[in-house]
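Next comes model.tsv, a file with TSV, C-alpha atoms and all ligand atoms.
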chain	number	residue	atom	x	y	z
R	925	MET	CA	40.05	7.93	33.10
R	926	ALA	CA	36.72	9.28	31.79
R	927	THR	CA	33.34	9.37	33.54
R	928	ALA	CA	29.88	10.18	32.16
R	929	SER	CA	26.33	9.99	33.46
R	930	ALA	CA	22.82	10.13	32.08
R	931	PRO	CA	19.55	10.58	34.01
R	932	GLY	CA	16.40	8.49	34.06
R	933	LYS	CA	13.26	9.78	32.37
R	934	ILE	CA	9.50	9.76	32.58
R	935	ILE	CA	7.03	10.17	29.78
R	936	LEU	CA	4.53	12.80	30.88
R	937	PHE	CA	2.15	12.32	27.96
R	938	GLY	CA	1.92	10.34	24.74
R	939	GLU	CA	3.62	6.95	25.27
R	940	HIS	CA	2.71	4.26	22.73
R	941	ALA	CA	0.97	6.76	20.40
R	942	VAL	CA	4.46	8.27	19.92
R	943	VAL	CA	5.56	5.02	18.25
R	944	PHE	CA	2.85	5.76	15.64
R	945	GLY	CA	4.01	9.30	14.93
R	946	ARG	CA	2.00	11.28	17.48
R	947	PRO	CA	3.69	13.89	19.73
R	948	ALA	CA	4.81	13.03	23.27
R	949	LEU	CA	6.34	14.90	26.20
R	950	ALA	CA	9.14	13.50	28.34
R	951	VAL	CA	11.28	14.92	31.11
R	952	PRO	CA	14.52	13.80	32.77
R	953	VAL	CA	14.51	12.40	36.30
R	954	THR	CA	17.86	13.44	37.73
R	955	GLN	CA	17.34	11.70	41.09
R	956	VAL	CA	18.32	8.47	39.35
R	957	GLN	CA	21.38	8.15	37.12
R	958	ALA	CA	23.43	5.70	35.09
R	959	THR	CA	27.19	6.26	35.26
R	960	ALA	CA	30.05	4.78	33.25
R	961	VAL	CA	33.72	5.04	34.19
R	962	VAL	CA	36.36	4.07	31.63
R	963	THR	CA	39.93	3.39	32.77
R	964	SER	CA	42.91	2.00	30.92
R	965	LEU	CA	44.27	-1.50	31.58
R	966	PRO	CA	47.88	-2.61	31.10
R	967	ARG	CA	48.65	-3.68	27.55
R	968	VAL	CA	49.00	-7.46	27.20
R	969	VAL	CA	51.26	-8.80	24.44
R	970	PRO	CA	50.13	-12.32	23.57
R	971	LYS	CA	53.04	-14.79	23.50
R	972	GLY	CA	54.36	-15.89	20.08
R	973	THR	CA	51.84	-13.90	18.12
R	974	GLN	CA	54.12	-11.79	15.97
R	975	LYS	CA	52.14	-12.94	12.94
R	976	ARG	CA	48.51	-12.65	13.93
R	977	SER	CA	46.02	-14.65	11.89
R	978	ASN	CA	42.56	-13.34	11.02
R	979	LEU	CA	41.27	-15.60	13.74
R	980	ASP	CA	42.57	-13.30	16.45
R	981	ALA	CA	41.61	-10.04	14.78
R	982	THR	CA	39.14	-9.77	17.66
R	983	HIS	CA	41.78	-10.53	20.33
R	984	TRP	CA	41.61	-6.93	21.58
R	985	GLN	CA	37.95	-7.48	22.52
R	986	GLU	CA	39.07	-9.83	25.27
R	987	HIS	CA	40.93	-6.92	26.85
R	988	VAL	CA	37.94	-4.65	27.01
R	989	ARG	CA	36.46	-5.44	30.42
R	990	ILE	CA	32.79	-4.59	31.03
R	991	GLU	CA	31.56	-4.69	34.60
R	992	ALA	CA	28.08	-3.85	35.88
R	993	PRO	CA	27.99	-4.97	39.54
R	994	ASP	CA	24.28	-3.99	39.88
R	995	ILE	CA	23.37	-6.85	37.54
R	996	SER	CA	26.32	-9.08	38.58
R	997	LEU	CA	27.88	-8.78	35.16
R	998	TYR	CA	31.68	-9.18	35.00
R	999	SER	CA	32.77	-9.97	31.49
R	1000	ASP	CA	34.69	-8.85	28.43
R	1001	LEU	CA	33.55	-7.40	25.14
R	1002	HIS	CA	34.33	-10.57	23.20
R	1003	SER	CA	32.11	-12.78	25.38
R	1004	LEU	CA	29.30	-10.23	25.45
R	1005	LEU	CA	29.23	-9.99	21.67
R	1006	SER	CA	28.76	-13.71	21.25
R	1007	ASN	CA	26.23	-16.03	22.88
R	1008	PRO	CA	23.29	-16.03	22.67
R	1009	ALA	CA	22.84	-12.58	21.13
R	1010	PRO	CA	25.04	-9.49	21.42
R	1011	HIS	CA	24.50	-7.83	24.81
R	1012	PRO	CA	23.20	-4.21	24.64
R	1013	LEU	CA	26.17	-3.02	26.75
R	1014	ALA	CA	28.56	-4.52	24.20
R	1015	LEU	CA	26.62	-2.96	21.35
R	1016	ALA	CA	26.94	0.44	23.00
R	1017	VAL	CA	30.72	-0.04	23.00
R	1018	THR	CA	31.06	-1.31	19.42
R	1019	SER	CA	28.77	1.35	18.00
R	1020	VAL	CA	30.90	4.15	19.46
R	1021	LEU	CA	34.07	2.55	18.11
R	1022	ALA	CA	32.45	2.19	14.68
R	1023	ALA	CA	31.25	5.81	14.76
R	1024	LEU	CA	34.80	6.95	15.56
R	1025	GLY	CA	36.32	4.67	12.90
R	1026	ILE	CA	38.38	2.82	15.54
R	1027	GLU	CA	38.98	-0.82	14.59
R	1028	ALA	CA	40.55	-2.01	17.86
R	1029	ALA	CA	40.27	-0.35	21.26
R	1030	PRO	CA	43.22	-0.28	23.64
R	1031	PRO	CA	42.89	-2.48	26.76
R	1032	LEU	CA	40.38	-0.78	29.01
R	1033	SER	CA	37.77	-1.34	31.66
R	1034	ILE	CA	34.23	0.04	31.67
R	1035	GLN	CA	32.48	0.12	35.06
R	1036	ILE	CA	28.75	0.74	34.88
R	1037	THR	CA	26.57	1.59	37.83
R	1038	SER	CA	22.96	2.70	37.79
R	1039	THR	CA	20.29	3.70	40.26
R	1040	ILE	CA	17.60	3.63	37.56
R	1041	PRO	CA	15.24	0.67	38.07
R	1042	VAL	CA	15.43	-1.75	35.12
R	1043	ALA	CA	12.39	-2.53	32.93
R	1044	ALA	CA	10.35	0.04	34.82
R	1045	GLY	CA	9.69	2.66	32.12
R	1046	LEU	CA	12.37	5.00	33.48
R	1047	GLY	CA	14.71	4.79	30.50
R	1048	SER	CA	17.39	2.69	32.18
R	1049	GLY	CA	18.56	0.99	28.96
R	1050	ALA	CA	18.92	4.25	27.08
R	1051	ALA	CA	20.66	5.98	29.99
R	1052	VAL	CA	23.22	3.17	30.36
R	1053	SER	CA	23.96	3.30	26.60
R	1054	VAL	CA	24.37	7.08	26.66
R	1055	ALA	CA	26.66	6.99	29.71
R	1056	ILE	CA	28.88	4.28	28.15
R	1057	MET	CA	29.05	6.04	24.79
R	1058	ARG	CA	29.92	9.41	26.27
R	1059	ALA	CA	32.54	8.05	28.65
R	1060	LEU	CA	34.19	5.88	26.00
R	1061	ALA	CA	34.29	8.62	23.36
R	1062	ALA	CA	35.78	11.01	25.94
R	1063	PHE	CA	38.33	8.38	27.07
R	1064	LEU	CA	39.43	7.93	23.44
R	1065	GLY	CA	39.86	11.71	23.17
R	1066	ARG	CA	37.02	12.07	20.63
R	1067	PRO	CA	33.90	13.31	22.50
R	1068	LEU	CA	30.77	13.10	20.39
R	1069	PRO	CA	28.01	15.75	20.20
R	1070	ASP	CA	24.64	14.98	21.82
R	1071	ARG	CA	23.00	14.55	18.42
R	1072	ARG	CA	25.38	11.68	17.54
R	1073	ILE	CA	25.15	10.10	20.99
R	1074	SER	CA	21.35	10.11	20.84
R	1075	ALA	CA	21.36	8.56	17.34
R	1076	LEU	CA	23.81	5.82	18.40
R	1077	ALA	CA	21.80	5.06	21.52
R	1078	TYR	CA	18.68	4.84	19.32
R	1079	ASN	CA	20.37	2.14	17.23
R	1080	VAL	CA	21.06	0.11	20.37
R	1081	GLU	CA	17.45	0.64	21.52
R	1082	LYS	CA	16.23	-0.66	18.16
R	1083	LEU	CA	18.29	-3.82	18.51
R	1084	HIS	CA	16.80	-4.79	21.81
R	1085	HIS	CA	13.41	-3.03	21.79
R	1086	GLY	CA	12.17	-3.71	18.27
R	1087	THR	CA	10.40	-0.54	17.17
R	1088	PRO	CA	11.11	2.22	19.70
R	1089	SER	CA	10.09	5.78	18.91
R	1090	GLY	CA	13.44	7.26	19.98
R	1091	ILE	CA	11.98	9.39	22.77
R	1092	ASP	CA	13.91	7.59	25.57
R	1093	ASN	CA	17.39	8.08	24.09
R	1094	THR	CA	16.48	11.67	23.18
R	1095	VAL	CA	15.37	12.82	26.63
R	1096	VAL	CA	18.16	11.06	28.52
R	1097	THR	CA	20.80	12.44	26.15
R	1098	TYR	CA	19.63	16.06	26.28
R	1099	ALA	CA	18.57	15.83	29.94
R	1100	ARG	CA	15.90	18.47	29.30
R	1101	PRO	CA	12.11	18.38	28.92
R	1102	VAL	CA	11.36	17.53	25.28
R	1103	TYR	CA	8.41	17.62	22.93
R	1104	PHE	CA	9.07	14.78	20.53
R	1105	ILE	CA	7.65	13.56	17.23
R	1106	LYS	CA	9.32	10.43	15.88
R	1107	ASP	CA	11.63	11.11	12.89
R	1108	HIS	CA	10.44	14.72	12.76
R	1109	LEU	CA	10.98	16.87	15.78
R	1110	THR	CA	12.88	17.05	19.05
R	1111	GLU	CA	12.05	20.32	20.72
R	1112	PRO	CA	13.15	21.23	24.24
R	1113	PHE	CA	10.24	23.07	25.86
R	1114	ARG	CA	10.04	25.79	28.46
R	1115	VAL	CA	8.36	25.14	31.80
R	1116	ASN	CA	6.39	28.24	32.76
R	1117	ARG	CA	5.85	27.23	36.37
R	1118	PRO	CA	7.74	24.29	37.92
R	1119	PHE	CA	5.52	21.42	39.02
R	1120	THR	CA	5.90	18.34	41.18
R	1121	ILE	CA	5.47	14.73	40.12
R	1122	VAL	CA	5.39	11.70	42.40
R	1123	ILE	CA	6.57	8.53	40.68
R	1124	GLY	CA	5.31	5.20	42.05
R	1125	ASP	CA	6.96	1.90	41.14
R	1126	THR	CA	4.76	-1.21	40.98
R	1127	GLY	CA	7.94	-3.28	41.27
R	1128	ILE	CA	6.71	-5.34	38.33
R	1129	SER	CA	9.36	-5.74	35.67
R	1130	ALA	CA	7.74	-5.03	32.32
R	1131	PRO	CA	9.85	-5.04	29.15
R	1132	THR	CA	8.72	-2.21	26.86
R	1133	LYS	CA	9.22	-4.42	23.83
R	1134	GLU	CA	6.30	-6.64	24.84
R	1135	SER	CA	3.72	-3.90	25.34
R	1136	VAL	CA	4.87	-2.11	22.17
R	1137	THR	CA	4.49	-5.36	20.22
R	1138	ASP	CA	1.00	-5.94	21.64
R	1139	VAL	CA	-0.14	-2.42	20.79
R	1140	ARG	CA	1.09	-2.97	17.23
R	1141	LEU	CA	-0.95	-6.19	17.02
R	1142	LEU	CA	-4.02	-4.37	18.30
R	1143	TRP	CA	-3.50	-1.62	15.74
R	1144	LYS	CA	-3.11	-4.17	12.91
R	1145	SER	CA	-6.39	-5.81	13.90
R	1146	GLU	CA	-8.38	-2.59	13.50
R	1147	PRO	CA	-6.18	0.28	12.25
R	1148	ALA	CA	-8.92	2.92	11.81
R	1149	ARG	CA	-10.17	2.47	15.39
R	1150	TRP	CA	-6.74	2.68	17.01
R	1151	GLU	CA	-5.51	5.52	14.82
R	1152	LYS	CA	-8.33	7.57	16.36
R	1153	VAL	CA	-7.12	6.67	19.85
R	1154	PHE	CA	-3.55	7.63	18.90
R	1155	ASP	CA	-4.91	10.95	17.56
R	1156	GLN	CA	-6.65	11.62	20.88
R	1157	ILE	CA	-3.47	10.86	22.83
R	1158	GLY	CA	-1.45	13.10	20.51
R	1159	GLN	CA	-3.93	15.95	21.02
R	1160	ILE	CA	-3.61	15.56	24.79
R	1161	ALA	CA	0.20	15.77	24.52
R	1162	SER	CA	0.00	18.93	22.40
R	1163	ARG	CA	-2.49	20.53	24.76
R	1164	ALA	CA	-0.28	19.57	27.74
R	1165	ARG	CA	2.66	21.34	26.15
R	1166	GLN	CA	0.61	24.55	25.88
R	1167	VAL	CA	-0.40	24.24	29.54
R	1168	ILE	CA	3.21	23.69	30.66
R	1169	GLU	CA	4.51	26.61	28.60
R	1170	ALA	CA	1.90	29.16	29.47
R	1171	GLU	CA	-0.61	28.19	32.13
R	1172	ASP	CA	-1.16	26.88	35.63
R	1173	PRO	CA	0.30	23.35	35.57
R	1174	ALA	CA	-2.68	22.15	37.67
R	1175	GLY	CA	-4.43	21.96	34.29
R	1176	LEU	CA	-2.27	18.93	33.52
R	1177	GLY	CA	-4.14	16.80	36.09
R	1178	PRO	CA	-7.28	16.13	34.04
R	1179	LEU	CA	-5.13	15.62	30.94
R	1180	MET	CA	-3.20	12.89	32.78
R	1181	ASP	CA	-6.46	11.18	33.75
R	1182	GLU	CA	-7.70	11.31	30.14
R	1183	ASN	CA	-4.39	9.99	28.84
R	1184	HIS	CA	-4.49	7.10	31.30
R	1185	ALA	CA	-8.03	6.14	30.25
R	1186	LEU	CA	-6.83	5.88	26.64
R	1187	LEU	CA	-3.81	3.80	27.70
R	1188	GLU	CA	-6.21	1.45	29.50
R	1189	LEU	CA	-8.11	1.08	26.23
R	1190	LEU	CA	-4.83	0.15	24.58
R	1191	SER	CA	-4.56	-2.64	27.19
R	1192	VAL	CA	-1.21	-1.46	28.58
R	1193	SER	CA	-2.33	-0.79	32.14
R	1194	CYS	CA	-2.64	-3.53	34.78
R	1195	PRO	CA	-4.43	-3.90	38.15
R	1196	GLU	CA	-1.31	-2.89	40.12
R	1197	LEU	CA	-0.87	0.33	38.12
R	1198	ASP	CA	-4.58	1.11	38.37
R	1199	ARG	CA	-4.48	0.60	42.14
R	1200	LEU	CA	-1.59	3.07	42.53
R	1201	ILE	CA	-3.27	5.57	40.24
R	1202	LEU	CA	-6.49	5.40	42.24
R	1203	ALA	CA	-4.58	5.75	45.53
R	1204	ALA	CA	-2.78	8.83	44.19
R	1205	ARG	CA	-6.03	10.48	43.10
R	1206	ARG	CA	-7.71	9.68	46.43
R	1207	SER	CA	-4.83	11.13	48.43
R	1208	GLY	CA	-4.89	14.51	46.74
R	1209	ALA	CA	-3.09	14.14	43.39
R	1210	LEU	CA	-4.41	16.43	40.65
R	1211	GLY	CA	-4.19	13.62	38.10
R	1212	ALA	CA	-2.32	10.38	37.51
R	1213	LYS	CA	-1.39	7.96	34.76
R	1214	LEU	CA	0.97	5.14	33.92
R	1215	SER	CA	4.28	6.24	32.43
R	1216	GLY	CA	6.34	4.38	29.83
R	1217	GLY	CA	5.50	0.98	28.39
R	1218	GLY	CA	2.98	0.01	31.12
R	1219	ARG	CA	1.87	-3.48	32.30
R	1220	GLY	CA	3.98	-2.80	35.39
R	1221	GLY	CA	6.82	-0.37	35.84
R	1222	ASN	CA	5.93	3.12	37.01
R	1223	MET	CA	2.99	5.49	37.29
R	1224	ILE	CA	3.17	9.24	37.79
R	1225	ALA	CA	0.96	11.64	39.71
R	1226	LEU	CA	0.80	15.43	39.47
R	1227	VAL	CA	0.68	16.94	42.95
R	1228	ARG	CA	0.87	20.27	44.71
R	1229	LYS	CA	4.33	20.31	46.25
R	1230	GLU	CA	3.01	20.26	49.82
R	1231	HIS	CA	0.93	17.14	49.07
R	1232	ALA	CA	3.88	15.12	47.74
R	1233	PRO	CA	4.69	13.32	51.05
R	1234	ALA	CA	1.03	12.30	51.60
R	1235	VAL	CA	0.65	11.01	48.04
R	1236	ALA	CA	3.98	9.14	48.25
R	1237	GLU	CA	2.84	7.54	51.51
R	1238	ALA	CA	-0.52	6.55	50.01
R	1239	LEU	CA	1.30	4.93	47.08
R	1240	ILE	CA	3.46	2.85	49.42
R	1241	SER	CA	0.34	1.78	51.35
R	1242	ALA	CA	-1.26	0.77	48.04
R	1243	GLY	CA	1.70	-1.48	47.21
R	1244	ALA	CA	4.32	0.74	45.54
R	1245	LYS	CA	7.82	-0.67	46.00
R	1246	ARG	CA	9.34	2.80	45.98
R	1247	THR	CA	8.50	6.38	45.15
R	1248	ILE	CA	10.48	9.29	43.76
R	1249	VAL	CA	9.40	12.91	44.06
R	1250	THR	CA	10.70	15.04	41.23
R	1251	GLN	CA	10.35	18.67	40.29
R	1252	VAL	CA	9.87	19.45	36.59
R	1253	GLU	CA	11.47	22.81	35.76
S	1301	LIG	C1	8.69	3.87	26.43
S	1301	LIG	O1	9.34	4.68	27.38
S	1301	LIG	C2	7.69	4.65	25.65
S	1301	LIG	C3	6.94	3.90	24.57
S	1301	LIG	O2	6.15	4.86	23.88
S	1301	LIG	C4	7.86	3.20	23.62
S	1301	LIG	C5	8.65	4.16	22.75
S	1301	LIG	O3	8.31	5.33	22.60
S	1301	LIG	O4	9.65	3.68	22.16
S	1301	LIG	C6	6.00	2.87	25.17
What is this structure when it is put down as structure tokens?
Amino acid sequence: MATASAPGKIILFGEHAVVFGRPALAVPVTQVQATAVVTSLPRVVPKGTQKRSNLDATHWQEHVRIEAPDISLYSDLHSLLSNPAPHPLALAVTSVLAALGIEAAPPLSIQITSTIPVAAGLGSGAAVSVAIMRALAAFLGRPLPDRRISALAYNVEKLHHGTPSGIDNTVVTYARPVYFIKDHLTEPFRVNRPFTIVIGDTGISAPTKESVTDVRLLWKSEPARWEKVFDQIGQIASRARQVIEAEDPAGLGPLMDENHALLELLSVSCPELDRLILAARRSGALGAKLSGGGRGGNMIALVRKEHAPAVAEALISAGAKRTIVTQVE
């Protein structure tokens, strides 16, 4: 048996602009996790199949069970690879096998559980991929280094997200705060003084792919204008890193507010997010912004630790479906 987990994540600064090459900061959220458990199943010898034709070269896939009770999914690899399009969970499995040069897996079962809300900007897809890949590679006796796991999870993200930056798979794989520039740099950063973030969930499911596609359309319509906005967001992310590494983290509050205003310009906020952000600010948060793809999903607020319960309560009163208080350190 092999078990592996990966945490959720929040983007502190720089979402969307990161897809266009600007820096972004993301941190793990260990209060929520995706876990995969791989166990072996008894070997089944199909009757009268001494000479196997090419047709059943994929027979072994029927004996790789994939179960994710949280989403009522009970299936096998073969079914998940077909109709209508390959399922991301199945792609996570086949990409590890391909990376290990294994043509047919032994009969096995993969149980996936996750407490990370789906389509909420908390990196659930990436975390599930990473957990499956780690557990399967370990089960097969060939654990893969983080760098490989992150790259494989990125390929799965690309297949179902279109043009992701790679920040989600990176932060959930390394489970450390990272400063990230697409295709250039993944740098864990040091937190000078721990700080507290309250996360508020609008409860609105918002696939990242859609907001990323819309931002690309906006950019295409007027590249020079939006490049400037991306530059401003990137500068905020760089400045935020300096604050986190060397200064009083309270300085991040105004940077969050500025970042959110630019995300509103990019049309990725929504009334529900704006309502939670306003409620956080009014109840004592030092700053607040949406986090992740936007149009729903989660917002984050920087708070003094002692104010966290009051801000969380204000978020619930303003319509948040749930809140998570996390310490960034
Ligand atoms: C999603 O968590 C963050 C986005 O910037 C998309 C990406 O970086 O792939 C919106």
Could I get the residue neighbourhood of ligand LIG 1301 (chain S) at 9 Å, counting only C-alpha atoms and all ligand atoms, as a CSV table (one decimal) with C-alpha atoms, keeping the file's coordinate frame?
chain,number,residue,atom,x,y,z
R,933,LYS,CA,13.3,9.8,32.4
R,934,ILE,CA,9.5,9.8,32.6
R,935,ILE,CA,7.0,10.2,29.8
R,938,GLY,CA,1.9,10.3,24.7
R,939,GLU,CA,3.6,7.0,25.3
R,940,HIS,CA,2.7,4.3,22.7
R,941,ALA,CA,1.0,6.8,20.4
R,942,VAL,CA,4.5,8.3,19.9
R,943,VAL,CA,5.6,5.0,18.2
R,944,PHE,CA,2.8,5.8,15.6
R,948,ALA,CA,4.8,13.0,23.3
R,950,ALA,CA,9.1,13.5,28.3
R,1044,ALA,CA,10.4,0.0,34.8
R,1045,GLY,CA,9.7,2.7,32.1
R,1046,LEU,CA,12.4,5.0,33.5
R,1047,GLY,CA,14.7,4.8,30.5
R,1081,GLU,CA,17.4,0.6,21.5
R,1082,LYS,CA,16.2,-0.7,18.2
R,1085,HIS,CA,13.4,-3.0,21.8
R,1086,GLY,CA,12.2,-3.7,18.3
R,1087,THR,CA,10.4,-0.5,17.2
R,1088,PRO,CA,11.1,2.2,19.7
R,1089,SER,CA,10.1,5.8,18.9
R,1090,GLY,CA,13.4,7.3,20.0
R,1091,ILE,CA,12.0,9.4,22.8
R,1092,ASP,CA,13.9,7.6,25.6
R,1106,LYS,CA,9.3,10.4,15.9
R,1132,THR,CA,8.7,-2.2,26.9
R,1133,LYS,CA,9.2,-4.4,23.8
R,1135,SER,CA,3.7,-3.9,25.3
R,1136,VAL,CA,4.9,-2.1,22.2
R,1215,SER,CA,4.3,6.2,32.4
R,1216,GLY,CA,6.3,4.4,29.8
R,1217,GLY,CA,5.5,1.0,28.4
R,1218,GLY,CA,3.0,0.0,31.1
* Using all atoms listed in the file, which residues sit within 6 Å of region 1234-1244 of chain R once same-chain residues fewer than 3 positions away are excluded, as a PyMOL selection string? -> chain R and resi 1124-1126+1200+1204+1207+1231
* Structure fact -> Of R:Leu1141, R:Ser929, R:Gln957, R:Leu1187, the one sitting nearest Gly1158 (chain R) when using only C-alpha atoms is R:Leu1187
* Expected answer as a ChimeraX atom specification: all residues with atoms within 6 Å of (24.7, 0.1, 26.3), all atoms listed in the file -> /R:1012-1013,1016,1052-1053
* Got a sec: who's within 12 Å of Arg1163 (chain R), counting all atoms listed in the file, leaving out chain neighbours fewer than 2 positions off, as a list in words? ->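 Those residues are Phe937, Gly938, Pro947, Ala948, Leu949, Tyr1103, Gln1156, Ile1157, Gly1158, Gln1159, Ile1160, Ala1161, Arg1165, Gln1166, Val1167, Ile1168, Glu1169, Ala1170, Glu1171, Pro1173, Gly1175, Leu1176, Pro1178, Leu1179, Met1180, Glu1182 and Asn1183 of chain R.
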* Taking into account only C-alpha atoms, which residue in the set R:Ala1174, R:Leu936, R:Ala1009, R:Ile990 is nearest to Met1223 (chain R)? ->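 Nearest to Met1223 (chain R): R:Leu936.
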* Find the residues around Ser1003 (chain R) up to 12 Å (all atoms listed in the file counted), leave out those fewer than 5 positions away in its own chain, and share them as an MDAnalysis selection string. => chainID R and resid 982:990 997:998 1008:1011 1013:1015
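Going from CA of Leu1076 (chain R) over to CA of Ile1248 (chain R), you cover 28.9 Å.
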Mind running region 949-1050 of chain R against region 1055-1066 of chain R at 6 Å and telling me each contacting residue's nearest atom pair with the distance in Å (one decimal), counting only C-alpha atoms, chain and number ascending, as a tab-separated table?
residue	atom	partner	partner_atom	distance
R:Thr959	CA	R:Ala1055	CA	5.6
R:Ala960	CA	R:Ile1056	CA	5.3
R:Val1020	CA	R:Met1057	CA	6.0
Export, as a tab-separated table (two decimals), in the coordinates of the input, the selected residues with C-alpha atoms.
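And here is the file that came out, again.tsv:
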chain	number	residue	atom	x	y	z
R	959	THR	CA	27.19	6.26	35.26
R	960	ALA	CA	30.05	4.78	33.25
R	1020	VAL	CA	30.90	4.15	19.46
Missing atoms in region 957-969 of chain R: fill them in up to N, CA and C atoms and send the result as a short mmCIF file (atom, residue, chain, number, x, y, z; two decimals), keeping the file's coordinate frame.
data_model
loop_
_atom_site.label_atom_id
_atom_site.label_comp_id
_atom_site.auth_asym_id
_atom_site.auth_seq_id
_atom_site.Cartn_x
_atom_site.Cartn_y
_atom_site.Cartn_z
N GLN R 957 20.35 7.93 38.14
CA GLN R 957 21.38 8.15 37.12
C GLN R 957 22.04 6.83 36.73
N ALA R 958 22.50 6.78 35.49
CA ALA R 958 23.43 5.70 35.09
C ALA R 958 24.78 6.35 34.89
N THR R 959 25.85 5.68 35.36
CA THR R 959 27.19 6.26 35.26
C THR R 959 28.15 5.22 34.68
N ALA R 960 29.02 5.67 33.79
CA ALA R 960 30.05 4.78 33.25
C ALA R 960 31.42 5.41 33.51
N VAL R 961 32.34 4.58 33.95
CA VAL R 961 33.72 5.04 34.19
C VAL R 961 34.64 4.17 33.34
N VAL R 962 35.43 4.82 32.49
CA VAL R 962 36.36 4.07 31.63
C VAL R 962 37.78 4.32 32.12
N THR R 963 38.53 3.25 32.36
CA THR R 963 39.93 3.39 32.77
C THR R 963 40.79 2.49 31.89
N SER R 964 42.08 2.84 31.79
CA SER R 964 42.91 2.00 30.92
C SER R 964 43.44 0.81 31.70
N LEU R 965 43.70 -0.28 30.98
CA LEU R 965 44.27 -1.50 31.58
C LEU R 965 45.67 -1.68 30.97
N PRO R 966 46.56 -2.39 31.67
CA PRO R 966 47.88 -2.61 31.10
C PRO R 966 47.80 -3.37 29.78
N ARG R 967 48.65 -3.01 28.85
CA ARG R 967 48.65 -3.68 27.55
C ARG R 967 49.22 -5.09 27.69
N VAL R 968 48.53 -6.07 27.10
CA VAL R 968 49.00 -7.46 27.20
C VAL R 968 49.50 -7.88 25.82
N VAL R 969 50.76 -8.33 25.74
CA VAL R 969 51.26 -8.80 24.44
C VAL R 969 51.16 -10.32 24.42
#
